[in-house]
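To start, the structure under review is shown below, and the notes come after it.
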Amino acid sequence: MPRPCSTSQRAATDGYSRTIFLSEFPICGWHGEATEEWLDETNMSFNQITENNGIFCSFGTNGRVRKLVFSVYNNLQGTLMREIGFFSDLETIELRSVAQLAPGNSLVPRISFPPGLRGTIPTELGLLKKLTRIHVSFNGFTGQFPTEISSLPALERLELAYSKLSGNVTFHEGDLPSLTTLDLRATLWDSTIPEGIGYLTALEDLLLTKTRMVGSIPTEIGQLSMLTRFVWGGAYSTGTIPTELGKLTKLTWLDLEYANLSGTIPSEFGNLVGLAHLDLACTSLDGTIPDEFQSLTGLKTLDVSGTQLSGGVIGNMCATSTIAFQKTLV
């Protein structure tokens with residue numbers, strides 16, 4: 001049968017139940033059955049984080065906490081305590097308040113976010129070397145981005161979207177070697193795209209839209225050879241599209257909508273042979289769409305509405321029936 005959490009870690013999680021979460025939840029709970037041999041061999045949580053909420057401990061003899069998972073309309077309130085640094089076996093932190101429809105015009109539904117967790121993100125997260133995912137989006141965290149997170153060797157997903165963090169972030173060589181997803185949408189106010197972003201060479205998803213990030217897209221973005229999705233934009237961004245974006249041959253989704261970009265589209269975009277979605281709408285780009293776009297045979301959506309871009313290549317691309325060209329806002 002599943003074993004309970006160890007005494008020390010049960011006491012710590014009991015503290016969390018009183019301090020953070022209003023709704024009841026299992027300190028250690030499992031659903032279904034598993035043999036003793038299977039439990040000992042896997043030493044893994046039986047719960048799937050997409051199906052359960054709670055504090056889940058590992059199977060095996062030590063009963064260490066492996067996952068903190070509270071989402072899907074849980075009413076999270078309070079702060080994230082510094083004591084979280086004691087959970088040395090923690091692999092997943094998923095603490096997010098989920099947006100809900102608010103009263104308003106039924107044709108234009110309003111989205112409201114629960115207040116969520118407040119305060120700062122504790123620097124003690126940097127002690128949790130087994131962490132693979134931090135998902136604390138849609139909370140009210142304030143203060144600076146905790147640089148201590150950058151030292152986590154196993155972290156694969158860092159999701160801080162719709163927080164109220166501020167200040168510039170700098171990454172260094174060797175930081176976050178396993179990170180594949182960085183989601184900073186609508187956070188990091190009055191900052192720039194993180195300096196040293198090119199060091200995060202495992203990145204596949206980079207989501208930076210709806211922020212007040214100032215400045216331009218750094219040329220080092222071209223070092224992210226594994227990148228498949230890049231979303232960046234906002235009225236505070238400036239500059240031109242760097243030609244280095246043309247090096248990202250694994251890109252399938254590029255969204256620069258509402259970025260205050262000027263100049264022309266680099267002809268190097270013709271190298272993005274895997275691109276399926278390209279959104280350049282509502283930018284200040286002008287000139288002609290490069291002939292090299294005819295190489296983008298997998299492109300399904302191209303939106304240049306609200307720009308001064310033009311080019312006969314568009315007609316040629318539409319004739320192939322592989323493009324759904326959008327010339328109006330969607």
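Note on naming: chains are A, B, ... as they come in the structure tokens, residues start from 1 per chain, ligands start from 1 in the order shown.
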Using only C-alpha atoms, I'd like a table of the residues in stretch 107-192 of chain A that come within 12 Å of stretch 228-236 of chain A; for each, show the closest atom pair and its distance in Å rounded to one decimal, ordered by chain and ascending number, as JSON lines.
```
{"residue": "A:Thr180", "atom": "CA", "partner": "A:Thr228", "partner_atom": "CA", "distance": 10.0}
{"residue": "A:Thr181", "atom": "CA", "partner": "A:Arg229", "partner_atom": "CA", "distance": 9.5}
{"residue": "A:Leu182", "atom": "CA", "partner": "A:Phe230", "partner_atom": "CA", "distance": 10.1}
{"residue": "A:Asp183", "atom": "CA", "partner": "A:Val231", "partner_atom": "CA", "distance": 9.6}
{"residue": "A:Leu184", "atom": "CA", "partner": "A:Trp232", "partner_atom": "CA", "distance": 10.0}
{"residue": "A:Arg185", "atom": "CA", "partner": "A:Trp232", "partner_atom": "CA", "distance": 8.7}
{"residue": "A:Ala186", "atom": "CA", "partner": "A:Gly234", "partner_atom": "CA", "distance": 9.8}
{"residue": "A:Thr187", "atom": "CA", "partner": "A:Gly234", "partner_atom": "CA", "distance": 11.9}
{"residue": "A:Trp189", "atom": "CA", "partner": "A:Tyr236", "partner_atom": "CA", "distance": 10.3}
{"residue": "A:Asp190", "atom": "CA", "partner": "A:Tyr236", "partner_atom": "CA", "distance": 8.7}
{"residue": "A:Ser191", "atom": "CA", "partner": "A:Tyr236", "partner_atom": "CA", "distance": 9.9}
{"residue": "A:Thr192", "atom": "CA", "partner": "A:Tyr236", "partner_atom": "CA", "distance": 9.8}
```
Just-selected residues, all heavy atoms written as a CSV table (one decimal), in the first residue's frame:
```csv
chain,number,residue,atom,x,y,z
A,180,THR,N,13.4,24.2,-21.5
A,180,THR,CA,12.8,24.2,-22.9
A,180,THR,C,11.7,25.2,-23.0
A,180,THR,O,11.4,25.6,-24.2
A,180,THR,CB,12.2,22.8,-23.2
A,180,THR,OG1,11.2,22.5,-22.2
A,180,THR,CG2,13.3,21.8,-23.2
A,181,THR,N,11.1,25.7,-21.9
A,181,THR,CA,10.0,26.6,-22.0
A,181,THR,C,10.2,27.8,-21.0
A,181,THR,O,10.4,27.5,-19.8
A,181,THR,CB,8.6,26.0,-21.7
A,181,THR,OG1,8.3,25.0,-22.6
A,181,THR,CG2,7.5,27.0,-21.7
A,182,LEU,N,10.2,29.0,-21.6
A,182,LEU,CA,10.3,30.2,-20.7
A,182,LEU,C,9.1,31.1,-21.1
A,182,LEU,O,9.0,31.6,-22.2
A,182,LEU,CB,11.6,31.0,-21.0
A,182,LEU,CG,11.8,32.3,-20.2
A,182,LEU,CD1,11.8,32.0,-18.7
A,182,LEU,CD2,13.1,32.9,-20.6
A,183,ASP,N,8.2,31.2,-20.1
A,183,ASP,CA,6.9,31.9,-20.3
A,183,ASP,C,6.9,33.1,-19.4
A,183,ASP,O,6.7,33.0,-18.2
A,183,ASP,CB,5.7,31.0,-20.1
A,183,ASP,CG,4.4,31.7,-20.4
A,183,ASP,OD1,4.4,32.9,-20.7
A,183,ASP,OD2,3.3,31.0,-20.3
A,184,LEU,N,7.1,34.3,-19.9
A,184,LEU,CA,7.1,35.6,-19.2
A,184,LEU,C,6.1,36.5,-19.7
A,184,LEU,O,6.2,37.7,-19.6
A,184,LEU,CB,8.5,36.2,-19.2
A,184,LEU,CG,9.7,35.4,-18.7
A,184,LEU,CD1,11.0,36.1,-18.9
A,184,LEU,CD2,9.5,35.1,-17.2
A,185,ARG,N,5.0,36.0,-20.3
A,185,ARG,CA,4.0,36.8,-20.8
A,185,ARG,C,3.4,37.7,-19.7
A,185,ARG,O,3.2,37.3,-18.6
A,185,ARG,CB,2.8,36.0,-21.4
A,185,ARG,CG,3.2,35.2,-22.7
A,185,ARG,CD,2.0,34.3,-23.0
A,185,ARG,NE,1.9,33.3,-22.0
A,185,ARG,CZ,0.8,32.5,-21.9
A,185,ARG,NH1,-0.3,32.7,-22.6
A,185,ARG,NH2,0.7,31.6,-20.9
A,186,ALA,N,3.2,39.0,-20.1
A,186,ALA,CA,2.6,40.0,-19.2
A,186,ALA,C,3.2,40.1,-17.8
A,186,ALA,O,2.6,40.2,-16.8
A,186,ALA,CB,1.1,39.7,-19.1
A,187,THR,N,4.5,40.0,-17.8
A,187,THR,CA,5.3,40.2,-16.6
A,187,THR,C,6.6,40.9,-16.9
A,187,THR,O,6.8,41.3,-18.1
A,187,THR,CB,5.5,38.9,-15.9
A,187,THR,OG1,6.0,39.1,-14.6
A,187,THR,CG2,6.5,38.0,-16.6
A,189,TRP,N,7.7,44.0,-16.0
A,189,TRP,CA,7.4,45.3,-16.5
A,189,TRP,C,8.7,46.2,-16.5
A,189,TRP,O,9.5,46.1,-15.7
A,189,TRP,CB,6.4,46.0,-15.5
A,189,TRP,CG,5.1,45.2,-15.5
A,189,TRP,CD1,4.6,44.4,-14.5
A,189,TRP,CD2,4.1,45.1,-16.5
A,189,TRP,NE1,3.4,43.8,-14.8
A,189,TRP,CE2,3.1,44.3,-16.1
A,189,TRP,CE3,4.0,45.7,-17.8
A,189,TRP,CZ2,2.0,44.0,-16.8
A,189,TRP,CZ3,2.9,45.5,-18.5
A,189,TRP,CH2,1.9,44.6,-18.1
A,190,ASP,N,8.7,47.1,-17.5
A,190,ASP,CA,9.7,48.1,-17.7
A,190,ASP,C,11.1,47.4,-17.7
A,190,ASP,O,12.1,47.9,-17.1
A,190,ASP,CB,9.7,49.1,-16.6
A,190,ASP,CG,8.3,49.9,-16.6
A,190,ASP,OD1,7.9,50.2,-17.7
A,190,ASP,OD2,7.8,50.1,-15.6
A,191,SER,N,11.2,46.3,-18.4
A,191,SER,CA,12.5,45.6,-18.5
A,191,SER,C,12.8,45.4,-20.0
A,191,SER,O,12.1,45.9,-20.9
A,191,SER,CB,12.4,44.2,-17.8
A,191,SER,OG,11.5,43.4,-18.5
A,192,THR,N,13.9,44.7,-20.3
A,192,THR,CA,14.3,44.4,-21.6
A,192,THR,C,14.2,42.9,-21.8
A,192,THR,O,14.1,42.1,-20.8
A,192,THR,CB,15.7,44.8,-21.9
A,192,THR,OG1,16.6,44.2,-21.0
A,192,THR,CG2,15.9,46.3,-21.8
```
(message) To test your reading of the structure, identify every residue in stretch 101-293 of chain A that backbone DSSP assigns to helix (DSSP H, G or I), and report it as a count of residues only.
(response) 31
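Residues surrounding A:Leu251 within 12 Å are Leu203, Glu204, Asp205, Leu206, Gly222, Leu224, Ser225, Met226, Leu227, Thr228, Arg229, Phe230, Val231, Leu245, Gly246, Phe269, Gly270, Asn271, Leu272, Val273, Gly274, Leu275, Ala276, His277, Leu278, Leu296, Gly298 and Leu299 of chain A [only C-alpha atoms; sequence separation below 5 positions excluded].
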(message) One decimal, in Å: what's the spacing between atom CA of A:Val136 and atom CA of A:Thr79?
(response)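 Rounded to one decimal, the two atoms are 11.8 Å apart.
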(message) Considering only C-alpha atoms, can you say which of A:Gly126, A:Gly78, A:Pro290, A:Gly174 comes closest to A:Ser310?
(response) A:Pro290
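Using only C-alpha atoms, the residues found no farther than 6 Å from stretch 216-219 of chain A, other than those of its own chain fewer than 6 positions away, are Ser237, Thr238, Gly239, Pro242 and Glu244 of chain A.
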